[in-house]
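To start, the structure itself, in structure tokens.
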Amino acid sequence: MDSATSKLISRLYWLVTFCLLVAVTAMMAFWTPREETMGDVQKIFYIHLPTAISTFIVCFVVFVASVMYLLQRRSWWDDVAFAAAKVAVLLASIVLLTGMIWGRSAWGHWWTWSPRLTFSLILWLLYVVYLMIRPSIESSQRRALICAVYGVIAFMDVPLVYLSVKLLPDIHPSSIQLSPDMRTTLLAWFVPMGMLVIGLVVTSFKINRLHRAISEPVEEEVDEPRLVPAGGNA
Amino acid sequence: MNRAIRHIALLTLKDLRIEARGRQTIGLVVVLAILIVVVLALGLGPGSGSSGLSATAILWVAYLFGGVLIFEKTMAVERYDDALAGLLLAPIDRGSIFAAKLLANLVLMFTLALVVTPVGIMFFQFDLSVAPGGFALVMAISMIGYAAIGTLFAALTSSTRLAGGLLAMLVFPVTLPVVLVSTRVLANLFEHNVSIGGSGLAILIAFDVMFLTASWLVFEIVLEA
Amino acid sequence: MTGRLTIQDYETRGAGRSLRLATSAETAASSPAVRAMSVHKVLDDRPILRDLTFDLPAGCYATLLGANGAGKTTLLRLLSTLTTPTRGELEIFGRSARKQGAMIRAGIGLIGHQSMVYRDLSALENLIFFGRLHDLPEPSVRAMDLLEFVGLVDRAHDPVKTFSRGMVQRVSIARALLHEPRLLLADEPFAGLDAPSADTVERLMAQLNEQGMAVILANHDVRQSLRLAERVIVLRKGRLVLDVPSGDVSAEDVLAEIDKR
């Protein structure tokens, strides 16, 4: 595939994603019925839940890429993990913010130490740390290794965090009664959200690859053509 | 098996012997931990720590920071003059190196707790007499998981600059569930007389088992870097 | 660990016995000390070593030359099984470096850039500790024998941190020899040593080689290397560019080969 076609495909992808996002937003705003007790604020739920689920999936991508890096030691996997971690933090931030907005209108406080808010906060912290430690490690190999181990440990920590926050007193709605129209809107939101997440991870990955190519050029030799291809281990 | 145990004992005793000779780590760590307790006691004001929850939380802050320093120091011993390469060149199982380092770290952490806990109890008039055994058990189980994570990440970060801040950054967020659960369990124990057995303790044990296994598996990969 | 071993103890327990350094009977076995077959090492997508193929017979004294970053240290780390080849096969005394790392480690000694001993322990404590890790039957006797060999018996109980650079290097050599290796790897062992210390280390290594131990010496000083070793291997940008008996080349040729672009 030449670069012009791939550029076209990527533009098309983003255009479709954007249109779908506009469509589901409109659907949520104008078509979906208002919930009685919460009012319009309840509609934030249609963003909140798909984002939360995407966060777990992206964290899982970080985990898989980290394991693969530990097994193969190829920078490709480190770039995948880093890309996914960036998106994970973005999504976790959205989950945290939408959760706080919900909490503000439901309970009157921006912050309560309810199990799920606490869970979102710890999850957010876990992956923000992943991003923050990267620049402070100079050697790219060391950085990749530390982050890979951390990516594995952090993901293993997620279920434990989930279990432990349950020991806190709960006021979060555990299940919400949705009308069929509401359910349709919720399901519709998953489509652009999924596309957005995949698009962001792929784009971020490409940027990482470019960045690496610029900062650490693989030494090419003019006189001797027998260069070992980058990452070409059997 | 016997051979592995002999190697682990040999390696652990070596760490403790070096520590006994210099007493660089434990002195530093104990003073730091007492300092933390004093700062919190003054910051929170008198009488604030009398509930089980805040007393254990304050002790945890002291243990966490003291622990990071311990992990860092015991690993620095291996990095000076690359003594670690000497260990890696010996025909021993690399898991033994992890196990020994973990044991040495735990001995130092328990020593720290032995000194700092009475100090904390004294400052906060925290009555431990209801269930001293339960307190010790919960804290000990929690520290094992914490030390497993700490030992692993200390091996990873010890060769980088900024190792100190970095190690704390890596270890603290992962350890949050341990702190959360153990403070909850102990608060229930001291305030409502709820026994420590139950889901809380199960989470702590699960944490230990998961991270002991993971650290042990990953440690060899980490060392071959 | 054990009770303190005094020099008097040591003397009554058999000083002056001939020091066993390498098991010469085994050395005579047919398998070469090193056999590298198209070995590649890629670190973080960067080729560090490319397509190395060479054999070194048991008991030979080879020197490894090359500019900084040519891959000398990485090759020594591969030979000491601290790391494994990305591709290709590496055999040390007929054993695969990939699969039989622990067995190979029992037969090699490494002298690195750093001493690989604990500065807070005494020379003797260090040697006894490492001797036990190697499961030696009598680590303290062996440790004293080696301290005598490197001429540090009178400082046996002093912590290594009080030693001069040259003395530390001698402890490091003693540590590398504890388990009677058949192959000694030395990564720039003369770096940072004053002339007398460097001379001592040079003589120790020659003596070991005479007793049948294969020696691979990574070095900067081309003339010194040519004088010491019987075989010269030159690396440039991770490739093997010269592998000849040292009598067949002049220092100028080797230098030119190292510098060639």
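Going by the structure tokens order, chains are called A, B, ..., each with residues numbered from 1, while ligands are numbered from 1 in the order shown.
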- request: Up to 7 Å from chain C, what residues of chain B turn up? Count only C-alpha atoms and give them as an MDAnalysis selection string.
  value: chainID B and resid 7 18 81:86 89:92 224
For A:Pro192: contacts at 9 Å, only C-alpha atoms, fewer than 3 positions along chain excluded, given as number ranges by chain: A: 16-21, 24, 188-189, 195-197
Find the residues of chain A in contact range of chain B, meaning any atom within 7 Å when counting only C-alpha atoms, and list them as a PDB file with all heavy atoms, in the first residue's frame.
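part.pdb, written as the output of this step:
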ATOM      1  N   LEU A 125      -4.485   6.726  38.312  1.00  0.00           N
ATOM      2  CA  LEU A 125      -3.149   6.906  38.889  1.00  0.00           C
ATOM      3  C   LEU A 125      -2.167   5.862  38.359  1.00  0.00           C
ATOM      4  O   LEU A 125      -1.033   6.179  37.988  1.00  0.00           O
ATOM      5  CB  LEU A 125      -3.214   6.771  40.413  1.00  0.00           C
ATOM      6  CG  LEU A 125      -3.499   8.035  41.212  1.00  0.00           C
ATOM      7  CD1 LEU A 125      -3.712   7.693  42.671  1.00  0.00           C
ATOM      8  CD2 LEU A 125      -2.335   9.006  41.067  1.00  0.00           C
ATOM      9  N   LEU A 126      -2.623   4.597  38.319  1.00  0.00           N
ATOM     10  CA  LEU A 126      -1.753   3.511  37.873  1.00  0.00           C
ATOM     11  C   LEU A 126      -1.178   3.806  36.491  1.00  0.00           C
ATOM     12  O   LEU A 126       0.008   3.611  36.248  1.00  0.00           O
ATOM     13  CB  LEU A 126      -2.529   2.192  37.819  1.00  0.00           C
ATOM     14  CG  LEU A 126      -2.625   1.373  39.102  1.00  0.00           C
ATOM     15  CD1 LEU A 126      -3.599   0.225  38.914  1.00  0.00           C
ATOM     16  CD2 LEU A 126      -1.262   0.828  39.489  1.00  0.00           C
ATOM     17  N   VAL A 129       1.072   7.083  36.094  1.00  0.00           N
ATOM     18  CA  VAL A 129       2.443   6.785  36.511  1.00  0.00           C
ATOM     19  C   VAL A 129       3.214   6.149  35.351  1.00  0.00           C
ATOM     20  O   VAL A 129       4.364   6.498  35.088  1.00  0.00           O
ATOM     21  CB  VAL A 129       2.452   5.869  37.756  1.00  0.00           C
ATOM     22  CG1 VAL A 129       3.812   5.233  37.956  1.00  0.00           C
ATOM     23  CG2 VAL A 129       2.062   6.669  38.980  1.00  0.00           C
ATOM     24  N   ILE A 133       6.712   8.056  34.293  1.00  0.00           N
ATOM     25  CA  ILE A 133       8.061   7.544  34.541  1.00  0.00           C
ATOM     26  C   ILE A 133       8.880   7.484  33.257  1.00  0.00           C
ATOM     27  O   ILE A 133      10.095   7.512  33.293  1.00  0.00           O
ATOM     28  CB  ILE A 133       8.051   6.140  35.190  1.00  0.00           C
ATOM     29  CG1 ILE A 133       7.232   5.183  34.357  1.00  0.00           C
ATOM     30  CG2 ILE A 133       7.565   6.204  36.611  1.00  0.00           C
ATOM     31  CD1 ILE A 133       7.367   3.742  34.774  1.00  0.00           C
ATOM     32  N   ILE A 137      13.592   8.011  32.472  1.00  0.00           N
ATOM     33  CA  ILE A 137      14.561   6.934  32.256  1.00  0.00           C
ATOM     34  C   ILE A 137      15.248   7.169  30.921  1.00  0.00           C
ATOM     35  O   ILE A 137      14.593   7.164  29.880  1.00  0.00           O
ATOM     36  CB  ILE A 137      13.878   5.558  32.263  1.00  0.00           C
ATOM     37  CG1 ILE A 137      13.013   5.404  33.515  1.00  0.00           C
ATOM     38  CG2 ILE A 137      14.915   4.444  32.201  1.00  0.00           C
ATOM     39  CD1 ILE A 137      12.015   4.308  33.414  1.00  0.00           C
ATOM     40  N   ILE A 146      11.470  -1.481  32.156  1.00  0.00           N
ATOM     41  CA  ILE A 146      10.779  -1.065  33.381  1.00  0.00           C
ATOM     42  C   ILE A 146       9.288  -0.902  33.101  1.00  0.00           C
ATOM     43  O   ILE A 146       8.438  -1.372  33.856  1.00  0.00           O
ATOM     44  CB  ILE A 146      11.388   0.247  33.924  1.00  0.00           C
ATOM     45  CG1 ILE A 146      12.818   0.004  34.408  1.00  0.00           C
ATOM     46  CG2 ILE A 146      10.539   0.816  35.055  1.00  0.00           C
ATOM     47  CD1 ILE A 146      13.539   1.229  34.910  1.00  0.00           C
ATOM     48  N   ALA A 154       0.748  -3.602  36.861  1.00  0.00           N
ATOM     49  CA  ALA A 154      -0.388  -2.686  37.012  1.00  0.00           C
ATOM     50  C   ALA A 154      -1.686  -3.367  36.602  1.00  0.00           C
ATOM     51  O   ALA A 154      -2.705  -3.241  37.273  1.00  0.00           O
ATOM     52  CB  ALA A 154      -0.155  -1.425  36.184  1.00  0.00           C
ATOM     53  N   ASP A 157      -2.897  -5.719  39.047  1.00  0.00           N
ATOM     54  CA  ASP A 157      -3.381  -5.012  40.222  1.00  0.00           C
ATOM     55  C   ASP A 157      -4.856  -4.625  40.087  1.00  0.00           C
ATOM     56  O   ASP A 157      -5.549  -4.473  41.098  1.00  0.00           O
ATOM     57  CB  ASP A 157      -2.522  -3.751  40.410  1.00  0.00           C
ATOM     58  CG  ASP A 157      -2.408  -3.345  41.860  1.00  0.00           C
ATOM     59  OD1 ASP A 157      -2.398  -4.247  42.708  1.00  0.00           O
ATOM     60  OD2 ASP A 157      -2.331  -2.143  42.135  1.00  0.00           O
ATOM     61  N   LEU A 160      -7.496  -6.589  41.936  1.00  0.00           N
ATOM     62  CA  LEU A 160      -7.306  -6.435  43.380  1.00  0.00           C
ATOM     63  C   LEU A 160      -7.822  -5.084  43.859  1.00  0.00           C
ATOM     64  O   LEU A 160      -8.429  -4.975  44.922  1.00  0.00           O
ATOM     65  CB  LEU A 160      -5.818  -6.581  43.728  1.00  0.00           C
ATOM     66  CG  LEU A 160      -5.264  -7.985  43.559  1.00  0.00           C
ATOM     67  CD1 LEU A 160      -3.753  -7.972  43.634  1.00  0.00           C
ATOM     68  CD2 LEU A 160      -5.834  -8.904  44.633  1.00  0.00           C
ATOM     69  N   VAL A 161      -7.565  -4.048  43.040  1.00  0.00           N
ATOM     70  CA  VAL A 161      -8.090  -2.731  43.385  1.00  0.00           C
ATOM     71  C   VAL A 161      -9.612  -2.808  43.416  1.00  0.00           C
ATOM     72  O   VAL A 161     -10.264  -2.321  44.338  1.00  0.00           O
ATOM     73  CB  VAL A 161      -7.637  -1.673  42.354  1.00  0.00           C
ATOM     74  CG1 VAL A 161      -8.290  -0.331  42.643  1.00  0.00           C
ATOM     75  CG2 VAL A 161      -6.129  -1.518  42.363  1.00  0.00           C
ATOM     76  N   SER A 164     -10.768  -4.545  46.500  1.00  0.00           N
ATOM     77  CA  SER A 164     -10.506  -3.838  47.753  1.00  0.00           C
ATOM     78  C   SER A 164     -11.400  -2.610  47.918  1.00  0.00           C
ATOM     79  O   SER A 164     -11.811  -2.307  49.032  1.00  0.00           O
ATOM     80  CB  SER A 164      -9.027  -3.471  47.866  1.00  0.00           C
ATOM     81  OG  SER A 164      -8.614  -2.757  46.747  1.00  0.00           O
TER      82      SER A 164
END
Near chain A, 7 Å: chain C residue rows, closest pairs, only C-alpha atoms, as a Markdown table:
| residue | atom | partner | partner_atom | distance |
| --- | --- | --- | --- | --- |
| C:Asp44 | CA | A:Ser75 | CA | 5.9 |
| C:Asp45 | CA | A:Gly231 | CA | 4.6 |
| C:Arg46 | CA | A:Val218 | CA | 6.0 |
| C:Pro47 | CA | A:Val228 | CA | 6.5 |
| C:Thr86 | CA | A:Asn233 | CA | 6.1 |
| C:Arg87 | CA | A:Asn233 | CA | 6.4 |
- prompt: Which residues in chain B does DSSP call alpha helix (DSSP H)? List them as a PyMOL selection string.
  reply: chain B and resi 2-22+24-44+52-79+83-89+94-124+132-157+163-192+199-223
query: Can you tell me, as a list in words, what residues are no more than 9 Å from A:Phe60 when counting only C-alpha atoms, ignoring any on the same chain fewer than 5 positions away?
result: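 Near A:Phe60, the qualifying residues are Thr55, Ala65, Ala84 and Phe155 of chain A.
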- prompt: What residues in stretch 38-255 of chain C get the DSSP label strand (DSSP E or B)? Please answer as a PyMOL selection string.
  reply: chain C and resi 38-43+46-56+61-65+87-92+95-96+108-111+122+159+183-187+214-218+231-236+239-245
message: Residues near stretch 26-37 of chain A, anyone? I mean within 8 Å using only C-alpha atoms, not counting same-chain ones fewer than 5 positions away, as number ranges by chain.
response: A: 42-43, 46, 181-182, 185
File of the preceding selection, all heavy atoms, as a PDB file, in the first residue's frame:
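Resulting contents of selection07.pdb:
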ATOM      1  N   GLN A  42     -28.258  12.595  33.483  1.00  0.00           N
ATOM      2  CA  GLN A  42     -28.204  11.133  33.349  1.00  0.00           C
ATOM      3  C   GLN A  42     -27.594  10.742  32.016  1.00  0.00           C
ATOM      4  O   GLN A  42     -26.976   9.690  31.885  1.00  0.00           O
ATOM      5  CB  GLN A  42     -29.617  10.555  33.496  1.00  0.00           C
ATOM      6  CG  GLN A  42     -29.724   9.042  33.400  1.00  0.00           C
ATOM      7  CD  GLN A  42     -29.987   8.567  31.985  1.00  0.00           C
ATOM      8  OE1 GLN A  42     -30.410   9.353  31.132  1.00  0.00           O
ATOM      9  NE2 GLN A  42     -29.715   7.304  31.730  1.00  0.00           N
ATOM     10  N   LYS A  43     -27.749  11.618  31.012  1.00  0.00           N
ATOM     11  CA  LYS A  43     -27.283  11.269  29.661  1.00  0.00           C
ATOM     12  C   LYS A  43     -25.766  11.092  29.583  1.00  0.00           C
ATOM     13  O   LYS A  43     -25.248  10.509  28.638  1.00  0.00           O
ATOM     14  CB  LYS A  43     -27.761  12.320  28.663  1.00  0.00           C
ATOM     15  CG  LYS A  43     -29.275  12.228  28.492  1.00  0.00           C
ATOM     16  CD  LYS A  43     -29.815  13.102  27.414  1.00  0.00           C
ATOM     17  CE  LYS A  43     -31.296  12.792  27.235  1.00  0.00           C
ATOM     18  NZ  LYS A  43     -31.940  13.724  26.307  1.00  0.00           N
ATOM     19  N   TYR A  46     -24.289   7.592  28.948  1.00  0.00           N
ATOM     20  CA  TYR A  46     -24.063   6.967  27.635  1.00  0.00           C
ATOM     21  C   TYR A  46     -22.609   7.111  27.175  1.00  0.00           C
ATOM     22  O   TYR A  46     -22.115   6.334  26.368  1.00  0.00           O
ATOM     23  CB  TYR A  46     -25.001   7.560  26.578  1.00  0.00           C
ATOM     24  CG  TYR A  46     -26.454   7.419  26.959  1.00  0.00           C
ATOM     25  CD1 TYR A  46     -27.263   8.531  27.119  1.00  0.00           C
ATOM     26  CD2 TYR A  46     -26.996   6.158  27.192  1.00  0.00           C
ATOM     27  CE1 TYR A  46     -28.582   8.408  27.493  1.00  0.00           C
ATOM     28  CE2 TYR A  46     -28.317   6.023  27.575  1.00  0.00           C
ATOM     29  CZ  TYR A  46     -29.109   7.149  27.731  1.00  0.00           C
ATOM     30  OH  TYR A  46     -30.400   7.011  28.112  1.00  0.00           O
ATOM     31  N   ASP A 181     -35.331   2.502  24.457  1.00  0.00           N
ATOM     32  CA  ASP A 181     -34.700   3.594  23.701  1.00  0.00           C
ATOM     33  C   ASP A 181     -33.354   3.974  24.298  1.00  0.00           C
ATOM     34  O   ASP A 181     -32.380   4.242  23.589  1.00  0.00           O
ATOM     35  CB  ASP A 181     -35.603   4.826  23.704  1.00  0.00           C
ATOM     36  CG  ASP A 181     -36.774   4.639  22.752  1.00  0.00           C
ATOM     37  OD1 ASP A 181     -36.743   3.638  21.999  1.00  0.00           O
ATOM     38  OD2 ASP A 181     -37.694   5.470  22.788  1.00  0.00           O
ATOM     39  N   MET A 182     -33.323   3.992  25.609  1.00  0.00           N
ATOM     40  CA  MET A 182     -32.066   4.331  26.291  1.00  0.00           C
ATOM     41  C   MET A 182     -31.003   3.287  25.967  1.00  0.00           C
ATOM     42  O   MET A 182     -29.852   3.610  25.709  1.00  0.00           O
ATOM     43  CB  MET A 182     -32.279   4.377  27.805  1.00  0.00           C
ATOM     44  CG  MET A 182     -33.074   5.567  28.280  1.00  0.00           C
ATOM     45  SD  MET A 182     -33.387   5.379  30.037  1.00  0.00           S
ATOM     46  CE  MET A 182     -34.018   6.994  30.437  1.00  0.00           C
ATOM     47  N   THR A 185     -29.527   3.792  22.568  1.00  0.00           N
ATOM     48  CA  THR A 185     -28.547   4.881  22.550  1.00  0.00           C
ATOM     49  C   THR A 185     -27.213   4.410  23.123  1.00  0.00           C
ATOM     50  O   THR A 185     -26.148   4.672  22.558  1.00  0.00           O
ATOM     51  CB  THR A 185     -29.059   6.070  23.381  1.00  0.00           C
ATOM     52  OG1 THR A 185     -30.393   6.366  22.966  1.00  0.00           O
ATOM     53  CG2 THR A 185     -28.175   7.287  23.200  1.00  0.00           C
TER      54      THR A 185
END
field: Residues within 8 Å of B:Phe123, only C-alpha atoms, excluding chain neighbours under 4 positions, as a ChimeraX atom specification
entry: /B:38,41,119
Write the selection just made, keeping C-alpha atoms, as a compact mmCIF listing (two decimals), in the first residue's frame?
# COMPACT_ATOMS: atom_id res chain seq x y z
CA VAL B 38 6.14 13.07 64.14
CA ALA B 41 1.25 13.78 64.53
CA VAL B 119 6.60 5.10 68.68
task: Would you mind listing what lies within 6 Å of stretch 147-159 of chain C as a list in words, with only C-alpha atoms counted and same-chain residues fewer than 3 positions away left out?
output: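 Contacts, in chain order: Asp120, Leu121, Ser122, Ala123, Leu124, Met144, Thr162 and Arg170 of chain C.
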Can you spit out the residues from that selection as a PDB file, in the first residue's frame, using C-alpha atoms?
ATOM      1  CA  ASP C 120      31.922  -3.744  52.607  1.00  0.00           C
ATOM      2  CA  LEU C 121      33.162  -7.302  53.030  1.00  0.00           C
ATOM      3  CA  SER C 122      36.781  -8.308  53.419  1.00  0.00           C
ATOM      4  CA  ALA C 123      38.681  -9.938  50.572  1.00  0.00           C
ATOM      5  CA  LEU C 124      38.501 -13.289  52.333  1.00  0.00           C
ATOM      6  CA  MET C 144      43.370 -18.378  51.099  1.00  0.00           C
ATOM      7  CA  THR C 162      40.092   0.115  51.669  1.00  0.00           C
ATOM      8  CA  ARG C 170      43.617  -8.775  42.056  1.00  0.00           C
TER       9      ARG C 170
END
Counting only C-alpha atoms, what is within 10 Å of stretch 221-235 of chain C, bar same-chain residues fewer than 4 positions away, as an mmCIF file with N, CA and C atoms, in the first residue's frame?
data_model
loop_
_atom_site.group_PDB
_atom_site.id
_atom_site.type_symbol
_atom_site.label_atom_id
_atom_site.label_comp_id
_atom_site.auth_asym_id
_atom_site.auth_seq_id
_atom_site.Cartn_x
_atom_site.Cartn_y
_atom_site.Cartn_z
ATOM 1 N N LEU C 49 26.186 -7.278 17.465
ATOM 2 C CA LEU C 49 27.124 -8.237 16.889
ATOM 3 C C LEU C 49 26.476 -8.844 15.657
ATOM 4 N N ARG C 50 27.252 -8.940 14.574
ATOM 5 C CA ARG C 50 26.675 -9.433 13.332
ATOM 6 C C ARG C 50 27.474 -10.590 12.769
ATOM 7 N N LEU C 52 29.013 -13.436 13.649
ATOM 8 C CA LEU C 52 30.348 -13.818 14.091
ATOM 9 C C LEU C 52 30.519 -15.323 13.977
ATOM 10 N N PHE C 54 33.686 -18.040 14.604
ATOM 11 C CA PHE C 54 35.089 -18.328 14.900
ATOM 12 C C PHE C 54 35.184 -19.473 15.890
ATOM 13 N N LEU C 56 37.841 -21.093 18.989
ATOM 14 C CA LEU C 56 39.053 -20.925 19.781
ATOM 15 C C LEU C 56 39.345 -22.258 20.446
ATOM 16 N N CYS C 60 43.942 -21.787 24.564
ATOM 17 C CA CYS C 60 44.567 -20.736 23.759
ATOM 18 C C CYS C 60 44.448 -19.380 24.443
ATOM 19 N N TYR C 61 45.324 -18.470 24.079
ATOM 20 C CA TYR C 61 45.305 -17.117 24.622
ATOM 21 C C TYR C 61 44.944 -16.190 23.472
ATOM 22 N N ALA C 62 43.722 -15.694 23.488
ATOM 23 C CA ALA C 62 43.275 -14.842 22.386
ATOM 24 C C ALA C 62 43.045 -13.431 22.898
ATOM 25 N N THR C 63 43.196 -12.463 22.021
ATOM 26 C CA THR C 63 42.901 -11.097 22.413
ATOM 27 C C THR C 63 41.837 -10.527 21.489
ATOM 28 N N LEU C 64 40.975 -9.733 22.081
ATOM 29 C CA LEU C 64 39.838 -9.182 21.371
ATOM 30 C C LEU C 64 40.066 -7.683 21.277
ATOM 31 N N LEU C 65 40.192 -7.182 20.047
ATOM 32 C CA LEU C 65 40.476 -5.760 19.875
ATOM 33 C C LEU C 65 39.356 -5.091 19.094
ATOM 34 N N GLY C 66 39.226 -3.799 19.273
ATOM 35 C CA GLY C 66 38.206 -3.050 18.557
ATOM 36 C C GLY C 66 38.002 -1.700 19.202
ATOM 37 N N ALA C 67 37.430 -0.781 18.424
ATOM 38 C CA ALA C 67 37.174 0.554 18.960
ATOM 39 C C ALA C 67 36.070 0.471 20.007
ATOM 40 N N GLY C 69 32.566 0.503 21.448
ATOM 41 C CA GLY C 69 31.285 0.254 20.794
ATOM 42 C C GLY C 69 31.361 -0.748 19.659
ATOM 43 N N ALA C 70 32.519 -1.390 19.493
ATOM 44 C CA ALA C 70 32.637 -2.381 18.425
ATOM 45 C C ALA C 70 31.937 -3.689 18.799
ATOM 46 N N GLY C 71 31.660 -3.868 20.087
ATOM 47 C CA GLY C 71 30.945 -5.068 20.524
ATOM 48 C C GLY C 71 31.766 -6.006 21.390
ATOM 49 N N LYS C 72 32.932 -5.551 21.861
ATOM 50 C CA LYS C 72 33.798 -6.427 22.660
ATOM 51 C C LYS C 72 33.106 -6.876 23.946
ATOM 52 N N LEU C 75 30.278 -9.238 23.363
ATOM 53 C CA LEU C 75 30.753 -10.586 23.049
ATOM 54 C C LEU C 75 31.183 -11.318 24.323
ATOM 55 N N GLU C 188 39.124 -5.678 29.517
ATOM 56 C CA GLU C 188 40.025 -4.560 29.813
ATOM 57 C C GLU C 188 40.518 -4.579 31.260
ATOM 58 N N PHE C 190 43.338 -4.109 32.439
ATOM 59 C CA PHE C 190 44.424 -3.180 32.778
ATOM 60 C C PHE C 190 43.933 -1.748 32.906
ATOM 61 N N ALA C 191 42.656 -1.529 32.590
ATOM 62 C CA ALA C 191 42.135 -0.163 32.604
ATOM 63 C C ALA C 191 42.249 0.429 33.999
ATOM 64 N N GLU C 202 49.141 -8.755 34.271
ATOM 65 C CA GLU C 202 49.609 -9.339 33.021
ATOM 66 C C GLU C 202 50.305 -10.676 33.282
ATOM 67 N N ARG C 203 51.178 -10.685 34.288
ATOM 68 C CA ARG C 203 51.917 -11.905 34.605
ATOM 69 C C ARG C 203 50.994 -13.009 35.120
ATOM 70 N N MET C 205 47.917 -13.503 34.385
ATOM 71 C CA MET C 205 47.144 -14.079 33.291
ATOM 72 C C MET C 205 48.000 -14.993 32.422
ATOM 73 N N ALA C 206 49.251 -14.585 32.201
ATOM 74 C CA ALA C 206 50.146 -15.428 31.409
ATOM 75 C C ALA C 206 50.385 -16.762 32.115
ATOM 76 N N ASN C 209 47.449 -19.058 31.744
ATOM 77 C CA ASN C 209 47.393 -19.624 30.402
ATOM 78 C C ASN C 209 48.394 -20.764 30.241
ATOM 79 N N VAL C 215 42.339 -18.162 27.656
ATOM 80 C CA VAL C 215 42.147 -16.775 28.086
ATOM 81 C C VAL C 215 41.679 -15.949 26.901
ATOM 82 N N ILE C 216 40.635 -15.164 27.114
ATOM 83 C CA ILE C 216 40.223 -14.202 26.093
ATOM 84 C C ILE C 216 40.308 -12.820 26.727
ATOM 85 N N LEU C 217 41.143 -11.994 26.139
ATOM 86 C CA LEU C 217 41.437 -10.698 26.720
ATOM 87 C C LEU C 217 40.925 -9.595 25.805
ATOM 88 N N ARG C 239 31.198 -6.600 13.618
ATOM 89 C CA ARG C 239 31.597 -7.683 12.715
ATOM 90 C C ARG C 239 33.018 -8.110 12.992
ATOM 91 N N LEU C 240 33.266 -9.390 12.727
ATOM 92 C CA LEU C 240 34.615 -9.892 12.868
ATOM 93 C C LEU C 240 35.371 -9.545 11.589
ATOM 94 N N VAL C 241 36.420 -8.727 11.694
ATOM 95 C CA VAL C 241 37.123 -8.305 10.484
ATOM 96 C C VAL C 241 38.529 -8.878 10.386
ATOM 97 N N LEU C 242 39.018 -9.442 11.485
ATOM 98 C CA LEU C 242 40.361 -10.013 11.435
ATOM 99 C C LEU C 242 40.453 -11.119 12.483
ATOM 100 N N ASP C 243 40.987 -12.260 12.096
ATOM 101 C CA ASP C 243 41.143 -13.367 13.034
ATOM 102 C C ASP C 243 42.389 -14.140 12.612
ATOM 103 N N VAL C 244 43.539 -13.781 13.179
ATOM 104 C CA VAL C 244 44.818 -14.372 12.745
ATOM 105 C C VAL C 244 45.726 -14.649 13.948
ATOM 106 N N PRO C 245 46.736 -15.518 13.765
ATOM 107 C CA PRO C 245 47.754 -15.658 14.815
ATOM 108 C C PRO C 245 48.491 -14.334 14.986
ATOM 109 N N SER C 246 48.853 -13.992 16.221
ATOM 110 C CA SER C 246 49.394 -12.660 16.462
ATOM 111 C C SER C 246 50.746 -12.460 15.787
ATOM 112 N N GLY C 247 51.452 -13.542 15.494
ATOM 113 C CA GLY C 247 52.731 -13.412 14.821
ATOM 114 C C GLY C 247 52.605 -12.952 13.369
ATOM 115 N N ASP C 248 51.407 -13.121 12.790
ATOM 116 C CA ASP C 248 51.242 -12.839 11.368
ATOM 117 C C ASP C 248 50.922 -11.392 11.042
ATOM 118 N N VAL C 249 50.676 -10.581 12.064
ATOM 119 C CA VAL C 249 50.312 -9.190 11.769
ATOM 120 C C VAL C 249 51.171 -8.226 12.558
ATOM 121 N N SER C 250 51.269 -7.014 12.045
ATOM 122 C CA SER C 250 51.965 -5.972 12.784
ATOM 123 C C SER C 250 50.930 -5.110 13.493
ATOM 124 N N ALA C 251 51.369 -4.395 14.506
ATOM 125 C CA ALA C 251 50.459 -3.519 15.255
ATOM 126 C C ALA C 251 49.816 -2.500 14.329
ATOM 127 N N GLU C 252 50.583 -2.031 13.344
ATOM 128 C CA GLU C 252 50.060 -1.015 12.420
ATOM 129 C C GLU C 252 48.884 -1.570 11.623
ATOM 130 N N VAL C 254 46.889 -3.983 12.476
ATOM 131 C CA VAL C 254 45.730 -4.159 13.354
ATOM 132 C C VAL C 254 45.057 -2.824 13.615
ATOM 133 N N LEU C 255 45.864 -1.802 13.898
ATOM 134 C CA LEU C 255 45.301 -0.471 14.149
ATOM 135 C C LEU C 255 44.523 0.021 12.943
ATOM 136 N N GLU C 257 43.096 -1.791 10.731
ATOM 137 C CA GLU C 257 41.871 -2.589 10.619
ATOM 138 C C GLU C 257 40.806 -2.101 11.606
ATOM 139 N N ILE C 258 41.237 -1.717 12.802
ATOM 140 C CA ILE C 258 40.289 -1.214 13.811
ATOM 141 C C ILE C 258 39.658 0.087 13.346
#
